[in-house]
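File shown: structure_10.cif (mmCIF, C-alpha atoms).
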```cif
data_structure
loop_
_atom_site.label_atom_id
_atom_site.label_comp_id
_atom_site.auth_asym_id
_atom_site.auth_seq_id
_atom_site.Cartn_x
_atom_site.Cartn_y
_atom_site.Cartn_z
CA MET A 1 -17.14 -35.59 39.96
CA THR A 2 -18.14 -38.84 38.21
CA LEU A 3 -21.77 -39.28 37.17
CA ASP A 4 -23.26 -42.64 36.23
CA ARG A 5 -24.36 -43.29 32.66
CA ARG A 6 -28.01 -43.36 33.72
CA THR A 7 -27.77 -39.75 34.85
CA THR A 8 -25.86 -38.52 31.82
CA LEU A 9 -28.24 -40.24 29.40
CA GLN A 10 -31.23 -38.54 31.02
CA TRP A 11 -29.31 -35.29 30.87
CA PHE A 12 -28.41 -35.90 27.22
CA THR A 13 -32.03 -36.59 26.28
CA ALA A 14 -33.25 -33.39 27.92
CA ALA A 15 -30.52 -31.34 26.25
CA THR A 16 -31.39 -32.52 22.75
CA ALA A 17 -34.78 -30.84 23.10
CA LEU A 18 -33.28 -27.40 23.75
CA SER A 19 -32.63 -25.02 20.86
CA LEU A 20 -29.33 -23.99 22.47
CA ALA A 21 -27.93 -27.41 21.62
CA SER A 22 -28.26 -26.83 17.88
CA TRP A 23 -26.34 -23.55 17.70
CA THR A 24 -22.73 -23.80 16.61
CA PRO A 25 -20.62 -20.78 15.60
CA ALA A 26 -19.10 -21.02 12.14
CA PHE A 27 -15.39 -21.79 11.93
CA GLY A 28 -15.00 -19.08 9.34
CA ARG A 29 -16.15 -16.21 11.56
CA VAL A 30 -13.36 -13.73 10.89
CA VAL A 31 -13.57 -9.96 10.41
CA THR A 32 -10.66 -9.46 8.06
CA ASP A 33 -10.38 -5.68 8.37
CA ALA A 34 -10.40 -5.73 12.19
CA ALA A 35 -9.05 -9.19 13.04
CA GLU A 36 -7.27 -9.36 16.37
CA LEU A 37 -3.82 -10.89 16.15
CA PRO A 38 -2.90 -13.45 18.81
CA PRO A 39 -0.12 -12.53 21.24
CA PHE A 40 1.76 -15.69 20.25
CA ASP A 41 2.57 -17.91 17.27
CA VAL A 42 -0.38 -20.22 16.70
CA VAL A 43 0.18 -23.94 16.20
CA ASP A 44 -1.67 -25.74 13.41
CA TRP A 45 -5.19 -26.97 13.97
CA PRO A 46 -5.31 -30.82 13.93
CA ALA A 47 -5.94 -32.21 10.48
CA GLN A 48 -8.11 -35.01 11.85
CA VAL A 49 -9.30 -36.69 15.03
CA ALA A 50 -9.78 -40.37 15.85
CA PRO A 51 -12.86 -41.76 14.07
CA LEU A 52 -15.94 -42.68 16.03
CA PRO A 53 -16.00 -46.41 16.87
CA ALA A 54 -18.75 -48.40 15.18
CA THR A 55 -21.78 -48.08 17.43
CA LYS A 56 -25.52 -47.45 17.40
CA GLY A 57 -27.92 -44.99 18.95
CA TYR A 58 -30.55 -45.66 21.58
CA GLY A 59 -33.53 -45.65 19.22
CA ARG A 60 -36.66 -43.54 19.18
CA ASP A 61 -38.10 -44.60 22.54
CA PRO A 62 -35.41 -45.08 25.21
CA ASP A 63 -36.51 -46.36 28.61
CA LEU A 64 -35.14 -43.62 30.85
CA THR A 65 -36.22 -45.51 33.97
CA ASP A 66 -33.75 -48.25 33.01
CA PRO A 67 -31.47 -46.66 30.40
CA LYS A 68 -29.05 -48.73 28.37
CA VAL A 69 -26.32 -46.61 26.77
CA PRO A 70 -25.03 -48.41 23.68
CA TRP A 71 -22.16 -46.10 22.78
CA PRO A 72 -18.72 -45.98 24.45
CA LEU A 73 -17.49 -42.73 25.95
CA THR A 74 -14.85 -40.74 24.10
CA LEU A 75 -12.67 -38.69 26.44
CA THR A 76 -9.45 -40.07 27.87
CA PRO A 77 -8.71 -39.35 31.55
CA SER A 78 -6.37 -36.51 30.58
CA GLN A 79 -8.94 -35.01 28.20
CA ARG A 80 -11.64 -35.28 30.85
CA ALA A 81 -9.33 -33.53 33.34
CA ALA A 82 -8.86 -30.71 30.83
CA ILE A 83 -12.62 -30.47 30.21
CA ASP A 84 -13.36 -30.31 33.94
CA MET A 85 -10.73 -27.62 34.39
CA LEU A 86 -12.17 -25.62 31.50
CA GLY A 87 -15.64 -25.98 33.01
CA ASP A 88 -14.51 -24.40 36.26
CA MET A 89 -12.91 -21.57 34.29
CA ILE A 90 -15.89 -20.95 32.00
CA LEU A 91 -18.54 -21.21 34.75
CA PRO A 92 -16.59 -20.79 38.00
CA ALA A 93 -17.83 -21.44 41.51
CA ASP A 94 -19.75 -18.70 43.27
CA ALA A 95 -21.91 -18.29 46.36
CA VAL A 96 -24.72 -20.30 44.75
CA SER A 97 -22.98 -23.35 43.30
CA PRO A 98 -19.66 -25.06 42.56
CA GLY A 99 -18.04 -24.58 39.16
CA ALA A 100 -19.33 -26.50 36.14
CA GLY A 101 -16.34 -28.85 36.22
CA LYS A 102 -16.85 -29.73 39.89
CA LEU A 103 -20.56 -30.32 39.24
CA GLY A 104 -19.74 -32.94 36.62
CA VAL A 105 -20.84 -31.11 33.48
CA GLY A 106 -17.79 -32.68 31.80
CA ALA A 107 -19.55 -36.05 32.07
CA PHE A 108 -22.48 -34.63 30.12
CA ILE A 109 -20.13 -33.27 27.43
CA ASP A 110 -18.40 -36.67 27.17
CA GLU A 111 -21.81 -38.32 26.72
CA TRP A 112 -22.85 -35.69 24.20
CA ILE A 113 -19.84 -35.99 21.90
CA SER A 114 -19.89 -39.80 22.10
CA ALA A 115 -23.40 -40.18 20.70
CA PRO A 116 -23.56 -41.38 17.06
CA TYR A 117 -25.80 -38.60 15.74
CA PRO A 118 -24.86 -35.88 13.22
CA ARG A 119 -25.17 -32.90 15.58
CA GLN A 120 -23.17 -34.62 18.32
CA GLN A 121 -20.55 -35.85 15.87
CA ASP A 122 -19.99 -32.34 14.57
CA ASP A 123 -19.35 -31.32 18.17
CA ARG A 124 -17.12 -34.34 18.71
CA ALA A 125 -14.80 -33.29 15.91
CA THR A 126 -14.69 -29.73 17.24
CA VAL A 127 -14.13 -30.63 20.90
CA LEU A 128 -11.51 -33.33 20.29
CA ALA A 129 -9.56 -31.22 17.83
CA GLY A 130 -9.80 -28.28 20.23
CA LEU A 131 -8.40 -30.28 23.14
CA ILE A 132 -5.52 -31.53 20.98
CA TRP A 133 -4.83 -27.98 19.81
CA LEU A 134 -5.01 -26.59 23.35
CA ASP A 135 -2.37 -29.05 24.56
CA ALA A 136 -0.16 -28.44 21.53
CA GLN A 137 -0.39 -24.67 21.97
CA SER A 138 0.34 -24.98 25.69
CA ARG A 139 3.44 -27.09 25.00
CA ALA A 140 4.63 -24.68 22.32
CA LEU A 141 4.31 -21.74 24.69
CA HIS A 142 5.28 -23.24 28.03
CA GLY A 143 6.54 -26.79 27.50
CA ALA A 144 3.66 -28.45 29.34
CA SER A 145 0.12 -29.67 28.69
CA PHE A 146 -2.78 -27.34 29.42
CA VAL A 147 -3.68 -28.95 32.75
CA LYS A 148 -0.06 -28.62 33.93
CA LEU A 149 0.10 -24.87 33.33
CA SER A 150 -0.23 -22.35 36.12
CA ALA A 151 -3.65 -20.80 36.60
CA ALA A 152 -2.36 -17.48 35.28
CA ARG A 153 -1.02 -19.05 32.06
CA ARG A 154 -4.22 -20.99 31.48
CA SER A 155 -6.25 -17.82 31.88
CA LEU A 156 -4.08 -15.88 29.43
CA LEU A 157 -4.47 -18.62 26.83
CA LEU A 158 -8.24 -18.71 27.26
CA ASP A 159 -8.42 -14.93 27.06
CA ALA A 160 -6.94 -15.18 23.57
CA LEU A 161 -9.85 -17.48 22.61
CA THR A 162 -12.64 -15.13 23.66
CA ILE A 163 -12.10 -12.39 21.09
CA ALA A 164 -14.95 -11.35 18.81
CA ALA A 165 -12.91 -11.03 15.62
CA PRO A 166 -10.08 -13.56 15.57
CA ALA A 167 -7.29 -13.52 13.03
CA PRO A 168 -7.50 -16.45 10.57
CA ALA A 169 -5.00 -18.55 12.51
CA LEU A 170 -7.23 -18.43 15.59
CA ALA A 171 -10.62 -18.84 13.85
CA LYS A 172 -10.97 -22.55 14.63
CA PRO A 173 -9.62 -22.38 18.19
CA VAL A 174 -12.00 -19.50 18.97
CA ALA A 175 -14.93 -21.41 17.44
CA PHE A 176 -13.97 -24.43 19.56
CA MET A 177 -14.06 -22.36 22.73
CA ASP A 178 -17.38 -20.77 21.70
CA ARG A 179 -18.96 -24.19 21.19
CA LEU A 180 -17.48 -25.63 24.38
CA ARG A 181 -18.80 -22.66 26.35
CA ASN A 182 -22.20 -23.23 24.74
CA LEU A 183 -22.19 -26.89 25.82
CA PHE A 184 -21.19 -26.02 29.36
CA VAL A 185 -24.01 -23.51 29.64
CA LEU A 186 -26.45 -26.06 28.18
CA GLY A 187 -25.38 -28.69 30.72
CA PHE A 188 -25.05 -26.41 33.73
CA TYR A 189 -28.48 -24.82 33.43
CA SER A 190 -30.09 -28.24 33.04
CA LEU A 191 -28.97 -29.06 36.60
CA PRO A 192 -30.82 -28.11 39.80
CA GLU A 193 -27.80 -25.99 40.76
CA GLY A 194 -27.97 -24.11 37.47
CA LYS A 195 -31.69 -23.54 37.79
CA ALA A 196 -31.17 -22.21 41.30
CA ASP A 197 -28.42 -19.94 39.98
CA MET A 198 -30.85 -18.28 37.56
CA GLY A 199 -33.64 -18.13 40.15
CA PHE A 200 -35.87 -20.60 38.29
CA ILE A 201 -38.58 -21.93 40.63
CA GLY A 202 -40.68 -23.97 38.20
CA ASP A 203 -44.42 -24.43 38.47
CA GLN A 204 -45.88 -23.20 41.74
CA VAL A 205 -49.29 -24.02 43.16
CA ILE A 206 -51.56 -20.96 43.55
CA GLU A 207 -54.17 -21.38 46.24
CA GLY A 208 -57.57 -19.88 45.69
CA PRO A 209 -58.83 -18.12 42.54
CA TYR A 210 -56.20 -17.39 39.89
CA PRO A 211 -55.35 -13.69 40.21
CA GLY A 212 -54.20 -13.32 36.62
CA PRO A 213 -51.06 -11.55 35.41
CA ASN A 214 -49.83 -8.58 37.41
CA ALA A 215 -49.53 -5.04 36.07
CA LYS A 216 -45.87 -5.47 35.12
CA ALA A 217 -46.59 -8.60 33.09
CA LEU A 218 -49.51 -6.92 31.32
CA ALA A 219 -47.38 -3.88 30.47
CA HIS A 220 -44.70 -6.18 29.04
CA PHE A 221 -47.34 -8.01 26.98
CA ASP A 222 -48.80 -4.76 25.64
CA ALA A 223 -45.33 -3.56 24.63
CA LEU A 224 -44.71 -6.79 22.71
CA VAL A 225 -48.08 -6.56 20.98
CA LYS A 226 -47.27 -3.05 19.79
CA GLU A 227 -43.78 -4.07 18.69
CA LEU A 228 -45.27 -6.90 16.61
CA LYS A 229 -47.90 -4.53 15.19
CA LEU A 230 -50.71 -6.67 16.61
CA ASP A 231 -52.34 -3.84 18.56
CA GLY A 232 -56.08 -4.12 18.23
CA LYS A 233 -55.91 -7.75 17.10
CA VAL A 234 -54.92 -9.32 20.42
CA ARG A 235 -56.66 -8.82 23.73
CA ALA A 236 -55.11 -9.98 27.00
#
```
Go ahead and render the structure in this file as structure tokens.
Amino acid sequence: MTLDRRTTLQWFTAATALSLASWTPAFGRVVTDAAELPPFDVVDWPAQVAPLPATKGYGRDPDLTDPKVPWPLTLTPSQRAAIDMLGDMILPADAVSPGAGKLGVGAFIDEWISAPYPRQQDDRATVLAGLIWLDAQSRALHGASFVKLSAARRSLLLDALTIAAPAPALAKPVAFMDRLRNLFVLGFYSLPEGKADMGFIGDQVIEGPYPGPNAKALAHFDALVKELKLDGKVRA
């Protein structure tokens, strides 16, 4: 699915306000005494990725009714194909919605890593290096790029990148997959389909006098008050 830049810029702007966008797992997350060894020889992580072209941001007050996106997109067609495929593997289709790749979340990720801001540029380095590594590892194992592998082989490779305590050789690839998964979740649940998937209904008009919170909500509130040791200081 191809989304226009107007849509992805609006999406990008909304995502920057969410705390989820700022969380990135550390590359050095390795438990040395319980590190899981990969079931294959690991290729080297790329030493560098192509530098960001000289560009500028959209300023402090973008006009989202008529957005002008000043930065060029990053992903090549083959990289975008890989991202879309990964999206459908990370958040696959179900009875509620298509997979994240089919929904076009890859377009959001391309917009995100193309923006000339520090947070997005950290993600750009991670995502681009991860895609290069994924292709190199696929070729080393099976003689073909990631998108050309069978579904079973792609799944086995991704399974190796979802371990909690990777061996040092897999620390960066696992961190790449963690961050990519994070970005897919961020994008997917910003969409109407994602909101429907979680049962989010938004603000609803209540006719007549406001009935107040129900008994379940009050019990939850009271439990939180006690947990925070505020009992007696807060009254619902």
Quick one: which residues end up in the PyMOL selection byres ((chain A and resi 137) around 9) for this structure, as a PDB file with C-alpha atoms, in the frame of the given file?
```pdb
ATOM      1  CA  ASP A  41       2.570 -17.910  17.270  1.00  0.00           C
ATOM      2  CA  VAL A  42      -0.380 -20.220  16.700  1.00  0.00           C
ATOM      3  CA  VAL A  43       0.180 -23.940  16.200  1.00  0.00           C
ATOM      4  CA  ASP A  44      -1.670 -25.740  13.410  1.00  0.00           C
ATOM      5  CA  ILE A 132      -5.520 -31.530  20.980  1.00  0.00           C
ATOM      6  CA  TRP A 133      -4.830 -27.980  19.810  1.00  0.00           C
ATOM      7  CA  LEU A 134      -5.010 -26.590  23.350  1.00  0.00           C
ATOM      8  CA  ASP A 135      -2.370 -29.050  24.560  1.00  0.00           C
ATOM      9  CA  ALA A 136      -0.160 -28.440  21.530  1.00  0.00           C
ATOM     10  CA  SER A 138       0.340 -24.980  25.690  1.00  0.00           C
ATOM     11  CA  ARG A 139       3.440 -27.090  25.000  1.00  0.00           C
ATOM     12  CA  ALA A 140       4.630 -24.680  22.320  1.00  0.00           C
ATOM     13  CA  LEU A 141       4.310 -21.740  24.690  1.00  0.00           C
ATOM     14  CA  HIS A 142       5.280 -23.240  28.030  1.00  0.00           C
ATOM     15  CA  SER A 145       0.120 -29.670  28.690  1.00  0.00           C
ATOM     16  CA  PHE A 146      -2.780 -27.340  29.420  1.00  0.00           C
ATOM     17  CA  LEU A 157      -4.470 -18.620  26.830  1.00  0.00           C
TER      18      LEU A 157
END
```
Closest to Thr126 of chain A among A:Ala217, A:Ile163, A:Ile113, A:Leu186, using only C-alpha atoms? A:Ile113
If you apply the PyMOL selection byres ((chain A and resi 88) around 12) to this file, what residues do you get, as number ranges by chain? A: 81-87, 89-94, 97-106, 151, 154-155, 181, 184-185, 188
Using all atoms listed in the file - which residues lie no farther than 12 Å from the point (-22.4, -48.8, 25.2) in the file's frame? Write them as a CSV table (one decimal) with C-alpha atoms, in the frame of the given file.
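As written to disk, result03.csv reads:
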```csv
chain,number,residue,atom,x,y,z
A,5,ARG,CA,-24.4,-43.3,32.7
A,6,ARG,CA,-28.0,-43.4,33.7
A,9,LEU,CA,-28.2,-40.2,29.4
A,53,PRO,CA,-16.0,-46.4,16.9
A,54,ALA,CA,-18.8,-48.4,15.2
A,55,THR,CA,-21.8,-48.1,17.4
A,56,LYS,CA,-25.5,-47.4,17.4
A,57,GLY,CA,-27.9,-45.0,19.0
A,58,TYR,CA,-30.6,-45.7,21.6
A,67,PRO,CA,-31.5,-46.7,30.4
A,68,LYS,CA,-29.0,-48.7,28.4
A,69,VAL,CA,-26.3,-46.6,26.8
A,70,PRO,CA,-25.0,-48.4,23.7
A,71,TRP,CA,-22.2,-46.1,22.8
A,72,PRO,CA,-18.7,-46.0,24.4
A,73,LEU,CA,-17.5,-42.7,26.0
A,74,THR,CA,-14.8,-40.7,24.1
A,111,GLU,CA,-21.8,-38.3,26.7
A,114,SER,CA,-19.9,-39.8,22.1
A,115,ALA,CA,-23.4,-40.2,20.7
A,116,PRO,CA,-23.6,-41.4,17.1
```
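For the atom pair formed by atom CA of Lys172 of chain A and atom CA of Ala107 of chain A, the distance is 23.7 Å, given to one decimal.
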Filled-in N, CA and C atoms of segment 87-108 of chain A, supplied as a PDB file, in the coordinates of the input:
```
ATOM      1  N   GLY A  87     -14.310 -26.254  32.481  1.00  0.00           N
ATOM      2  CA  GLY A  87     -15.640 -25.980  33.010  1.00  0.00           C
ATOM      3  C   GLY A  87     -15.601 -25.050  34.206  1.00  0.00           C
ATOM      4  N   ASP A  88     -14.619 -25.264  35.086  1.00  0.00           N
ATOM      5  CA  ASP A  88     -14.510 -24.400  36.260  1.00  0.00           C
ATOM      6  C   ASP A  88     -13.991 -23.017  35.905  1.00  0.00           C
ATOM      7  N   MET A  89     -13.346 -22.882  34.742  1.00  0.00           N
ATOM      8  CA  MET A  89     -12.910 -21.570  34.290  1.00  0.00           C
ATOM      9  C   MET A  89     -14.031 -20.828  33.562  1.00  0.00           C
ATOM     10  N   ILE A  90     -14.814 -21.560  32.782  1.00  0.00           N
ATOM     11  CA  ILE A  90     -15.890 -20.950  32.000  1.00  0.00           C
ATOM     12  C   ILE A  90     -17.065 -20.563  32.886  1.00  0.00           C
ATOM     13  N   LEU A  91     -17.460 -21.474  33.797  1.00  0.00           N
ATOM     14  CA  LEU A  91     -18.540 -21.210  34.750  1.00  0.00           C
ATOM     15  C   LEU A  91     -17.983 -21.495  36.144  1.00  0.00           C
ATOM     16  N   PRO A  92     -17.269 -20.542  36.721  1.00  0.00           N
ATOM     17  CA  PRO A  92     -16.590 -20.790  38.000  1.00  0.00           C
ATOM     18  C   PRO A  92     -17.555 -20.858  39.180  1.00  0.00           C
ATOM     19  N   ALA A  93     -17.036 -21.359  40.280  1.00  0.00           N
ATOM     20  CA  ALA A  93     -17.830 -21.440  41.510  1.00  0.00           C
ATOM     21  C   ALA A  93     -18.188 -20.043  41.998  1.00  0.00           C
ATOM     22  N   ASP A  94     -19.343 -19.959  42.635  1.00  0.00           N
ATOM     23  CA  ASP A  94     -19.750 -18.700  43.270  1.00  0.00           C
ATOM     24  C   ASP A  94     -20.513 -19.033  44.549  1.00  0.00           C
ATOM     25  N   ALA A  95     -21.211 -18.071  45.095  1.00  0.00           N
ATOM     26  CA  ALA A  95     -21.910 -18.290  46.360  1.00  0.00           C
ATOM     27  C   ALA A  95     -23.078 -19.254  46.212  1.00  0.00           C
ATOM     28  N   VAL A  96     -23.540 -19.470  44.973  1.00  0.00           N
ATOM     29  CA  VAL A  96     -24.720 -20.300  44.750  1.00  0.00           C
ATOM     30  C   VAL A  96     -24.359 -21.756  44.475  1.00  0.00           C
ATOM     31  N   SER A  97     -23.299 -21.985  43.703  1.00  0.00           N
ATOM     32  CA  SER A  97     -22.980 -23.350  43.300  1.00  0.00           C
ATOM     33  C   SER A  97     -21.498 -23.526  43.030  1.00  0.00           C
ATOM     34  N   PRO A  98     -21.038 -24.792  42.995  1.00  0.00           N
ATOM     35  CA  PRO A  98     -19.660 -25.060  42.560  1.00  0.00           C
ATOM     36  C   PRO A  98     -19.519 -24.734  41.078  1.00  0.00           C
ATOM     37  N   GLY A  99     -18.285 -24.789  40.582  1.00  0.00           N
ATOM     38  CA  GLY A  99     -18.040 -24.580  39.160  1.00  0.00           C
ATOM     39  C   GLY A  99     -18.607 -25.726  38.336  1.00  0.00           C
ATOM     40  N   ALA A 100     -18.747 -25.489  37.024  1.00  0.00           N
ATOM     41  CA  ALA A 100     -19.330 -26.500  36.140  1.00  0.00           C
ATOM     42  C   ALA A 100     -18.503 -27.779  36.116  1.00  0.00           C
ATOM     43  N   GLY A 101     -17.181 -27.662  36.204  1.00  0.00           N
ATOM     44  CA  GLY A 101     -16.340 -28.850  36.220  1.00  0.00           C
ATOM     45  C   GLY A 101     -16.580 -29.682  37.476  1.00  0.00           C
ATOM     46  N   LYS A 102     -16.629 -29.036  38.621  1.00  0.00           N
ATOM     47  CA  LYS A 102     -16.850 -29.730  39.890  1.00  0.00           C
ATOM     48  C   LYS A 102     -18.237 -30.389  39.923  1.00  0.00           C
ATOM     49  N   LEU A 103     -19.204 -29.771  39.257  1.00  0.00           N
ATOM     50  CA  LEU A 103     -20.560 -30.320  39.240  1.00  0.00           C
ATOM     51  C   LEU A 103     -20.688 -31.535  38.324  1.00  0.00           C
ATOM     52  N   GLY A 104     -19.687 -31.783  37.495  1.00  0.00           N
ATOM     53  CA  GLY A 104     -19.740 -32.940  36.620  1.00  0.00           C
ATOM     54  C   GLY A 104     -20.285 -32.685  35.241  1.00  0.00           C
ATOM     55  N   VAL A 105     -20.329 -31.411  34.827  1.00  0.00           N
ATOM     56  CA  VAL A 105     -20.840 -31.110  33.480  1.00  0.00           C
ATOM     57  C   VAL A 105     -19.945 -31.745  32.413  1.00  0.00           C
ATOM     58  N   GLY A 106     -18.670 -31.990  32.747  1.00  0.00           N
ATOM     59  CA  GLY A 106     -17.790 -32.680  31.800  1.00  0.00           C
ATOM     60  C   GLY A 106     -18.304 -34.053  31.431  1.00  0.00           C
ATOM     61  N   ALA A 107     -18.977 -34.735  32.365  1.00  0.00           N
ATOM     62  CA  ALA A 107     -19.550 -36.050  32.070  1.00  0.00           C
ATOM     63  C   ALA A 107     -20.654 -35.936  31.029  1.00  0.00           C
ATOM     64  N   PHE A 108     -21.444 -34.876  31.125  1.00  0.00           N
ATOM     65  CA  PHE A 108     -22.480 -34.630  30.120  1.00  0.00           C
ATOM     66  C   PHE A 108     -21.842 -34.377  28.755  1.00  0.00           C
TER      67      PHE A 108
END
```
